[in-house]
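Enquirer: So here's protein-v3.txt, just compact mmCIF, C-alpha atoms:
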```txt
# COMPACT_ATOMS: atom_id res chain seq x y z
CA LYS Q 9 4.42 -13.68 -9.92
CA ASN Q 10 4.99 -10.26 -8.35
CA GLN Q 11 7.21 -10.65 -5.30
CA VAL Q 12 9.29 -8.53 -2.96
CA GLU Q 13 12.06 -10.22 -0.95
CA GLN Q 14 13.92 -8.50 1.85
CA SER Q 15 17.14 -9.43 3.59
CA PRO Q 16 18.22 -9.93 6.24
CA GLN Q 17 15.09 -10.92 8.16
CA SER Q 18 16.58 -9.41 11.30
CA LEU Q 19 19.66 -7.44 12.22
CA ILE Q 20 21.25 -6.27 15.46
CA ILE Q 21 23.84 -3.50 15.45
CA LEU Q 22 25.42 -1.20 18.00
CA GLU Q 23 24.30 2.39 18.35
CA GLY Q 24 26.29 4.71 16.11
CA LYS Q 25 27.07 2.06 13.50
CA ASN Q 26 25.85 2.08 9.89
CA CYS Q 27 23.81 -0.66 8.25
CA THR Q 28 22.30 -1.54 4.89
CA LEU Q 29 19.06 -3.39 4.25
CA GLN Q 30 18.32 -5.10 0.95
CA CYS Q 31 15.22 -5.47 -1.19
CA ASN Q 32 14.92 -7.56 -4.38
CA TYR Q 33 11.76 -7.49 -6.42
CA THR Q 34 10.18 -9.23 -9.37
CA VAL Q 35 7.38 -6.80 -10.12
CA SER Q 36 6.23 -5.87 -13.57
CA PRO Q 37 5.56 -3.35 -14.86
CA PHE Q 38 7.48 -1.39 -12.23
CA SER Q 39 5.96 1.89 -11.09
CA ASN Q 40 7.67 2.94 -7.87
CA LEU Q 41 9.42 1.62 -4.78
CA ARG Q 42 8.93 2.84 -1.24
CA TRP Q 43 10.63 2.17 2.06
CA TYR Q 44 8.55 2.33 5.22
CA LYS Q 45 9.53 2.30 8.88
CA GLN Q 46 7.19 0.48 11.24
CA ASP Q 47 7.66 0.92 14.98
CA THR Q 48 6.35 -1.86 17.21
CA GLY Q 49 2.60 -1.52 17.62
CA ARG Q 50 2.31 1.25 15.05
CA GLY Q 51 1.39 1.59 11.40
CA PRO Q 52 4.09 1.94 8.71
CA VAL Q 53 5.41 5.44 8.00
CA SER Q 54 6.89 6.37 4.64
CA LEU Q 55 10.63 7.10 4.49
CA THR Q 56 11.36 7.39 0.76
CA ILE Q 57 9.64 6.99 -2.59
CA MET Q 58 11.52 6.35 -5.84
CA THR Q 59 10.16 6.13 -9.34
CA PHE Q 60 11.83 4.41 -12.29
CA SER Q 61 14.00 7.40 -13.17
CA GLU Q 62 15.41 7.91 -9.68
CA ASN Q 63 18.33 5.89 -8.35
CA THR Q 64 18.86 7.51 -4.96
CA LYS Q 65 16.75 9.35 -2.40
CA SER Q 66 17.69 10.59 1.05
CA ASN Q 67 15.66 11.41 4.12
CA GLY Q 68 17.96 12.55 6.90
CA ARG Q 69 20.14 9.60 7.94
CA TYR Q 70 18.24 7.27 5.60
CA THR Q 71 19.42 6.85 2.01
CA ALA Q 72 17.63 4.57 -0.43
CA THR Q 73 19.07 3.40 -3.73
CA LEU Q 74 17.35 1.79 -6.67
CA ASP Q 75 18.83 -0.26 -9.52
CA ALA Q 76 15.97 -0.85 -11.92
CA ASP Q 77 18.14 -3.05 -14.16
CA THR Q 78 18.92 -5.60 -11.45
CA LYS Q 79 15.61 -4.95 -9.64
CA GLN Q 80 17.32 -4.25 -6.36
CA SER Q 81 17.01 -1.54 -3.75
CA SER Q 82 18.87 -0.85 -0.55
CA LEU Q 83 18.22 1.31 2.48
CA HIS Q 84 21.33 2.63 4.21
CA ILE Q 85 21.10 3.97 7.74
CA THR Q 86 23.95 6.18 8.90
CA ALA Q 87 25.04 6.67 12.52
CA SER Q 88 22.21 4.55 13.91
CA GLN Q 89 20.22 5.69 16.94
CA LEU Q 90 18.17 3.71 19.44
CA SER Q 91 15.03 5.16 17.86
CA ASP Q 92 15.92 3.42 14.59
CA SER Q 93 14.89 0.10 16.18
CA ALA Q 94 11.91 -0.90 14.04
CA SER Q 95 10.85 -3.01 11.08
CA TYR Q 96 11.73 -1.63 7.67
CA ILE Q 97 9.42 -2.59 4.85
CA CYS Q 98 10.10 -2.41 1.11
CA VAL Q 99 6.99 -1.83 -1.00
CA VAL Q 100 6.82 -2.01 -4.79
CA SER Q 101 3.94 -0.85 -6.96
CA ALA Q 102 3.16 -2.56 -10.24
CA GLY Q 103 1.48 -0.67 -13.04
CA TYR Q 104 0.27 2.90 -12.94
CA SER Q 105 -2.72 4.28 -11.06
CA SER Q 106 -3.27 0.76 -9.81
CA ALA Q 107 -4.26 0.90 -6.18
CA SER Q 108 -4.42 -2.86 -5.81
CA LYS Q 109 -1.04 -3.86 -7.19
CA ILE Q 110 1.05 -2.74 -4.26
CA ILE Q 111 3.31 -5.54 -3.03
CA PHE Q 112 4.80 -5.51 0.45
CA GLY Q 113 7.96 -7.25 1.56
CA SER Q 114 7.89 -9.05 4.90
CA GLY Q 115 10.31 -6.53 6.39
CA THR Q 116 13.68 -6.46 8.14
CA ARG Q 117 13.54 -6.17 11.91
CA LEU Q 118 16.36 -3.90 13.03
CA SER Q 119 17.47 -3.70 16.65
CA ILE Q 120 19.91 -1.05 17.83
CA ARG Q 121 21.85 -1.89 21.01
CA PRO Q 122 23.38 0.80 23.24
CA ASN W 4 -5.16 16.96 11.33
CA ALA W 5 -5.41 13.44 12.78
CA GLY W 6 -4.42 11.61 9.59
CA VAL W 7 -5.78 8.05 9.59
CA THR W 8 -7.52 6.77 12.71
CA GLN W 9 -8.83 3.30 13.50
CA THR W 10 -11.27 2.04 16.11
CA PRO W 11 -11.09 -0.07 18.12
CA LYS W 12 -7.40 -0.55 18.93
CA PHE W 13 -7.89 -4.04 20.40
CA ARG W 14 -10.68 -6.60 20.27
CA VAL W 15 -11.20 -10.19 21.31
CA LEU W 16 -13.97 -12.14 19.61
CA LYS W 17 -15.34 -15.63 19.98
CA THR W 18 -15.59 -17.79 16.87
CA GLY W 19 -18.76 -16.97 14.99
CA GLN W 20 -19.19 -13.45 16.35
CA SER W 21 -19.34 -10.45 14.05
CA MET W 22 -17.78 -7.02 14.31
CA THR W 23 -17.00 -3.87 12.34
CA LEU W 24 -13.70 -2.03 12.24
CA LEU W 25 -13.89 1.67 11.48
CA CYS W 26 -11.29 3.67 9.60
CA ALA W 27 -11.45 7.44 9.21
CA GLN W 28 -9.17 9.86 7.34
CA ASP W 29 -9.21 13.65 7.24
CA MET W 30 -6.83 14.18 4.29
CA ASN W 31 -9.56 14.11 1.62
CA HIS W 32 -7.94 11.06 0.02
CA GLU W 33 -9.78 9.24 -2.73
CA TYR W 34 -8.33 5.78 -2.08
CA MET W 35 -8.67 3.74 1.07
CA TYR W 36 -7.42 0.25 1.88
CA TRP W 37 -7.71 -2.50 4.45
CA TYR W 38 -4.71 -4.76 5.07
CA ARG W 39 -3.93 -7.54 7.46
CA GLN W 40 -0.47 -8.17 8.85
CA ASP W 41 0.55 -11.59 10.12
CA PRO W 42 3.90 -12.57 11.68
CA GLY W 43 6.63 -13.14 9.09
CA MET W 44 4.46 -11.95 6.21
CA GLY W 45 4.06 -8.72 4.34
CA LEU W 46 0.86 -6.73 4.55
CA ARG W 47 -1.86 -8.33 2.46
CA LEU W 48 -4.66 -6.37 0.85
CA ILE W 49 -8.17 -7.39 1.91
CA HIS W 50 -10.34 -4.81 0.15
CA TYR W 51 -9.87 -1.34 -1.18
CA SER W 52 -11.89 1.61 -2.44
CA VAL W 53 -11.09 4.12 -5.16
CA GLY W 54 -13.84 6.50 -4.15
CA GLU W 55 -17.02 7.04 -2.19
CA GLY W 56 -19.54 4.31 -2.91
CA THR W 57 -17.04 1.98 -4.61
CA THR W 58 -15.19 -1.05 -3.25
CA ALA W 59 -13.09 -3.82 -4.74
CA LYS W 60 -11.56 -7.10 -3.61
CA GLY W 61 -7.90 -7.42 -2.82
CA GLU W 62 -5.70 -10.44 -2.34
CA VAL W 63 -7.47 -12.02 0.67
CA PRO W 64 -11.13 -10.88 0.69
CA ASP W 65 -12.87 -14.05 1.90
CA GLY W 66 -14.71 -13.67 5.20
CA TYR W 67 -14.69 -9.85 5.05
CA ASN W 68 -17.01 -7.18 3.71
CA VAL W 69 -16.48 -3.45 3.35
CA SER W 70 -18.45 -0.27 2.79
CA ARG W 71 -17.49 3.27 1.82
CA LEU W 72 -20.65 5.32 2.30
CA LYS W 73 -18.70 8.49 3.05
CA LYS W 74 -15.42 9.57 1.48
CA GLN W 75 -13.69 9.86 4.83
CA ASN W 76 -14.77 6.49 6.25
CA PHE W 77 -14.03 2.91 5.27
CA LEU W 78 -15.60 0.09 7.28
CA LEU W 79 -14.37 -3.49 7.46
CA GLY W 80 -16.85 -6.12 8.60
CA LEU W 81 -16.28 -9.67 9.79
CA GLU W 82 -19.53 -11.56 9.39
CA SER W 83 -18.60 -14.72 11.31
CA ALA W 84 -15.15 -14.51 12.88
CA ALA W 85 -12.75 -17.45 12.61
CA PRO W 86 -9.44 -18.06 14.44
CA SER W 87 -7.66 -17.65 11.06
CA GLN W 88 -8.73 -14.00 11.16
CA THR W 89 -6.60 -13.33 14.22
CA SER W 90 -4.28 -10.62 12.96
CA VAL W 91 -3.39 -6.96 13.06
CA TYR W 92 -5.53 -4.92 10.69
CA PHE W 93 -4.27 -1.72 9.14
CA CYS W 94 -6.22 0.88 7.25
CA ALA W 95 -4.48 3.20 4.80
CA SER W 96 -5.44 6.04 2.50
CA SER W 97 -3.84 7.71 -0.49
CA SER W 98 -4.33 9.99 -3.42
CA PRO W 99 -2.18 9.71 -6.55
CA THR W 100 0.52 12.34 -7.00
CA ARG W 101 1.36 14.00 -10.30
CA ASP W 102 3.66 11.01 -11.01
CA ARG W 103 0.70 8.71 -10.29
CA VAL W 104 2.47 7.47 -7.18
CA HIS W 105 0.25 6.42 -4.29
CA GLU W 106 1.91 7.50 -1.06
CA GLN W 107 -0.08 5.57 1.49
CA TYR W 108 -0.72 6.85 5.00
CA PHE W 109 -1.45 4.16 7.56
CA GLY W 110 -3.54 4.07 10.70
CA PRO W 111 -2.20 2.72 14.01
CA GLY W 112 -3.74 -0.72 13.56
CA THR W 113 -6.37 -2.88 15.26
CA ARG W 114 -5.20 -6.03 17.00
CA LEU W 115 -7.92 -8.67 16.69
CA THR W 116 -7.88 -12.03 18.44
CA VAL W 117 -10.47 -14.68 17.64
CA THR W 118 -10.73 -17.51 20.17
```
Show how you would write the structure in this file as structure tokens.
Expert:
Amino acid sequence: KNQVEQSPQSLIILEGKNCTLQCNYTVSPFSNLRWYKQDTGRGPVSLTIMTFSENTKSNGRYTATLDADTKQSSLHITASQLSDSASYICVVSAGYSSASKIIFGSGTRLSIRP
Amino acid sequence: NAGVTQTPKFRVLKTGQSMTLLCAQDMNHEYMYWYRQDPGMGLRLIHYSVGEGTTAKGEVPDGYNVSRLKKQNFLLGLESAAPSQTSVYFCASSSPTRDRVHEQYFGPGTRLTVT
């Protein structure tokens, strides 16, 4: 069964600190992996997209890594800011050109404290 | 360029009532999707469309119908609302990139409560 598991479920850190969020997946055949940020009361917004051949992708203070062998991804946030408080969702697509086989993790809720 | 918009933003229904959620996108995307998001769960696909005039069932289609009469609009209908349909509904759109990756763009969501 195609699944995406994220950890931790929630995380609280102090402003300015770094953190890393984890995503494990059992999706086959793997197409791509995306990280989204979802602010409270808003729709998800894409942060990074990685295909099979990519193992790292950065977007400002966000850096995503992908290990296709172990089927793991991480999202590292550097020098956190209050505006980073949000849910972070890992999304994995199975197959190619398959609009329906997009599997969402349940997200990690990140809270940044001043 | 408004991206993906959804109406209404909030709605309260009584059990058995019907309603239609409207999604519109101005990015000329071929694909459109309806998801529901419940606490502690990932987004689940209700229905999707790969082009004007076509629709297909997703993971949780029961109790919902959809129509895509125009490329830019995707409507989600609840024929007879049930409390189990209380959720936040998100619309998304995408077009495949050269790598056949679907980067989805999401609307702001509709919060629906069925009493």
Enquirer: What are the closest atom pairs, with distances in Å to one decimal, for all residues of chain Q lying within 10 Å of chain W? Consider all atoms listed in the file, order rows by chain and residue number, and present the result as a Markdown table.
Expert:
```
| residue | atom | partner | partner_atom | distance |
| --- | --- | --- | --- | --- |
| Q:Val12 | CA | W:Gly45 | CA | 9.0 |
| Q:Glu13 | CA | W:Gly45 | CA | 9.7 |
| Q:Gln17 | CA | W:Gly43 | CA | 8.8 |
| Q:Ser39 | CA | W:Val104 | CA | 7.7 |
| Q:Asn40 | CA | W:Val104 | CA | 6.9 |
| Q:Leu41 | CA | W:Val104 | CA | 9.4 |
| Q:Arg42 | CA | W:Glu106 | CA | 8.4 |
| Q:Tyr44 | CA | W:Gln107 | CA | 9.9 |
| Q:Gly49 | CA | W:Pro111 | CA | 7.4 |
| Q:Arg50 | CA | W:Pro111 | CA | 4.9 |
| Q:Gly51 | CA | W:Pro111 | CA | 4.6 |
| Q:Pro52 | CA | W:Phe109 | CA | 6.1 |
| Q:Val53 | CA | W:Tyr108 | CA | 7.0 |
| Q:Ser54 | CA | W:Tyr108 | CA | 7.6 |
| Q:Thr56 | CA | W:Glu106 | CA | 9.6 |
| Q:Ile57 | CA | W:Glu106 | CA | 7.9 |
| Q:Met58 | CA | W:Val104 | CA | 9.2 |
| Q:Thr59 | CA | W:Val104 | CA | 8.1 |
| Q:Ile97 | CA | W:Gly45 | CA | 8.2 |
| Q:Cys98 | CA | W:Gly45 | CA | 9.3 |
| Q:Val99 | CA | W:Gly45 | CA | 9.2 |
| Q:Ser101 | CA | W:Val104 | CA | 8.5 |
| Q:Gly103 | CA | W:Arg103 | CA | 9.8 |
| Q:Tyr104 | CA | W:Arg103 | CA | 6.4 |
| Q:Ser105 | CA | W:Arg103 | CA | 5.6 |
| Q:Ser106 | CA | W:His105 | CA | 8.7 |
| Q:Ala107 | CA | W:His105 | CA | 7.4 |
| Q:Ser108 | CA | W:Gly61 | CA | 6.5 |
| Q:Lys109 | CA | W:Gly61 | CA | 8.9 |
| Q:Ile110 | CA | W:Leu48 | CA | 8.5 |
| Q:Ile111 | CA | W:Arg47 | CA | 8.0 |
| Q:Phe112 | CA | W:Gly45 | CA | 5.1 |
| Q:Gly113 | CA | W:Gly45 | CA | 5.0 |
| Q:Ser114 | CA | W:Gly45 | CA | 3.9 |
| Q:Gly115 | CA | W:Gly45 | CA | 6.9 |
| Q:Thr116 | CA | W:Gly43 | CA | 9.8 |
```
Enquirer: Those same residues, written as a PDB file, in the frame of the given file with C-alpha atoms?
Expert:
```
ATOM      1  CA  VAL Q  12       9.290  -8.530  -2.960  1.00  0.00           C
ATOM      2  CA  GLU Q  13      12.060 -10.220  -0.950  1.00  0.00           C
ATOM      3  CA  GLN Q  17      15.090 -10.920   8.160  1.00  0.00           C
ATOM      4  CA  SER Q  39       5.960   1.890 -11.090  1.00  0.00           C
ATOM      5  CA  ASN Q  40       7.670   2.940  -7.870  1.00  0.00           C
ATOM      6  CA  LEU Q  41       9.420   1.620  -4.780  1.00  0.00           C
ATOM      7  CA  ARG Q  42       8.930   2.840  -1.240  1.00  0.00           C
ATOM      8  CA  TYR Q  44       8.550   2.330   5.220  1.00  0.00           C
ATOM      9  CA  GLY Q  49       2.600  -1.520  17.620  1.00  0.00           C
ATOM     10  CA  ARG Q  50       2.310   1.250  15.050  1.00  0.00           C
ATOM     11  CA  GLY Q  51       1.390   1.590  11.400  1.00  0.00           C
ATOM     12  CA  PRO Q  52       4.090   1.940   8.710  1.00  0.00           C
ATOM     13  CA  VAL Q  53       5.410   5.440   8.000  1.00  0.00           C
ATOM     14  CA  SER Q  54       6.890   6.370   4.640  1.00  0.00           C
ATOM     15  CA  THR Q  56      11.360   7.390   0.760  1.00  0.00           C
ATOM     16  CA  ILE Q  57       9.640   6.990  -2.590  1.00  0.00           C
ATOM     17  CA  MET Q  58      11.520   6.350  -5.840  1.00  0.00           C
ATOM     18  CA  THR Q  59      10.160   6.130  -9.340  1.00  0.00           C
ATOM     19  CA  ILE Q  97       9.420  -2.590   4.850  1.00  0.00           C
ATOM     20  CA  CYS Q  98      10.100  -2.410   1.110  1.00  0.00           C
ATOM     21  CA  VAL Q  99       6.990  -1.830  -1.000  1.00  0.00           C
ATOM     22  CA  SER Q 101       3.940  -0.850  -6.960  1.00  0.00           C
ATOM     23  CA  GLY Q 103       1.480  -0.670 -13.040  1.00  0.00           C
ATOM     24  CA  TYR Q 104       0.270   2.900 -12.940  1.00  0.00           C
ATOM     25  CA  SER Q 105      -2.720   4.280 -11.060  1.00  0.00           C
ATOM     26  CA  SER Q 106      -3.270   0.760  -9.810  1.00  0.00           C
ATOM     27  CA  ALA Q 107      -4.260   0.900  -6.180  1.00  0.00           C
ATOM     28  CA  SER Q 108      -4.420  -2.860  -5.810  1.00  0.00           C
ATOM     29  CA  LYS Q 109      -1.040  -3.860  -7.190  1.00  0.00           C
ATOM     30  CA  ILE Q 110       1.050  -2.740  -4.260  1.00  0.00           C
ATOM     31  CA  ILE Q 111       3.310  -5.540  -3.030  1.00  0.00           C
ATOM     32  CA  PHE Q 112       4.800  -5.510   0.450  1.00  0.00           C
ATOM     33  CA  GLY Q 113       7.960  -7.250   1.560  1.00  0.00           C
ATOM     34  CA  SER Q 114       7.890  -9.050   4.900  1.00  0.00           C
ATOM     35  CA  GLY Q 115      10.310  -6.530   6.390  1.00  0.00           C
ATOM     36  CA  THR Q 116      13.680  -6.460   8.140  1.00  0.00           C
TER      37      THR Q 116
END
```
Enquirer: For Asn63 (chain Q), work out the shell of residues within 12 Å, counting all atoms listed in the file and skipping chain neighbours fewer than 5 positions away, then give it as a list in words.
Expert: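 Neighbouring residues, sequence-local ones excluded: Asn40, Leu41, Thr56, Ile57, Met58, Thr71, Ala72, Thr73, Leu74, Asp75, Ala76, Asp77, Thr78, Lys79, Gln80, Ser81, Ser82 and Leu83 of chain Q.
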Enquirer: Within 10 Å of Gln75 (chain W), counting only C-alpha atoms, which residues show up once you throw out same-chain ones fewer than 5 positions away? Write them as a count of residues only, please.
Expert: 14
Enquirer: Can you list, as a list in words, every protein, DNA or RNA residue that comes within 10 Å of Arg14 (chain W) when you count all atoms listed in the file, leaving out same-chain residues fewer than 5 positions away?
Expert: Met22, Leu24, Thr89, Thr113, Arg114, Leu115, Thr116 and Val117 of chain W
Enquirer: Hey, can you check how far CA of Trp37 (chain W) sits from CA of Leu55 (chain Q)?
Expert: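 Pair CA of Trp37 (chain W) / CA of Leu55 (chain Q) returns 20.7 Å.
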Enquirer: Could you check how far CA of Ser83 (chain W) sits from CA of Lys12 (chain W), in Å to one decimal?
Expert: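 If I compute the distance from CA of Ser83 (chain W) to CA of Lys12 (chain W), I get 19.6 Å.
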Enquirer: To one decimal place, how far is CA of Gly66 (chain W) from CA of Leu25 (chain W) in Å?
Expert: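 Distance reported for this atom pair: 16.6 Å.
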Enquirer: With all atoms listed in the file counted, which protein, DNA or RNA residues have an atom no more than 9 Å from (-17.8, -14.5, 14.6) in the file frame? Please answer as a list in words.
Expert: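 All residues meeting the 9 Å criterion around (-17.8, -14.5, 14.6) are Leu16, Lys17, Thr18, Gly19, Gln20, Ser21, Met22, Leu81, Glu82, Ser83, Ala84, Ala85 and Val117 of chain W.
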Enquirer: Could you tell me which of Q:Leu90, Q:Leu29, Q:Val100, Q:Ile120 comes closest to Asn10 (chain Q) if we count all atoms listed in the file?
Expert: Q:Val100
Enquirer: Extending 6 Å beyond the listed atoms of region 20-38 of chain Q on each side, what axis-aligned box results? I want centre and edge lengths in Å to one decimal, as JSON.
Expert:
```
{"center_x": 16.3, "center_y": -2.3, "center_z": 1.7, "size_x": 33.5, "size_y": 25.9, "size_z": 45.2}
```
Enquirer: Using all atoms listed in the file, list the residues that have an atom at most 7 Å from (-14.9, 0.4, 7.3), coordinates as in the file, as a list in words.
Expert: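 So the residues meeting the distance criterion are Thr23, Leu24, Leu25, Cys26, Val69, Ser70, Arg71, Asn76, Phe77, Leu78, Leu79 and Gly80 of chain W.
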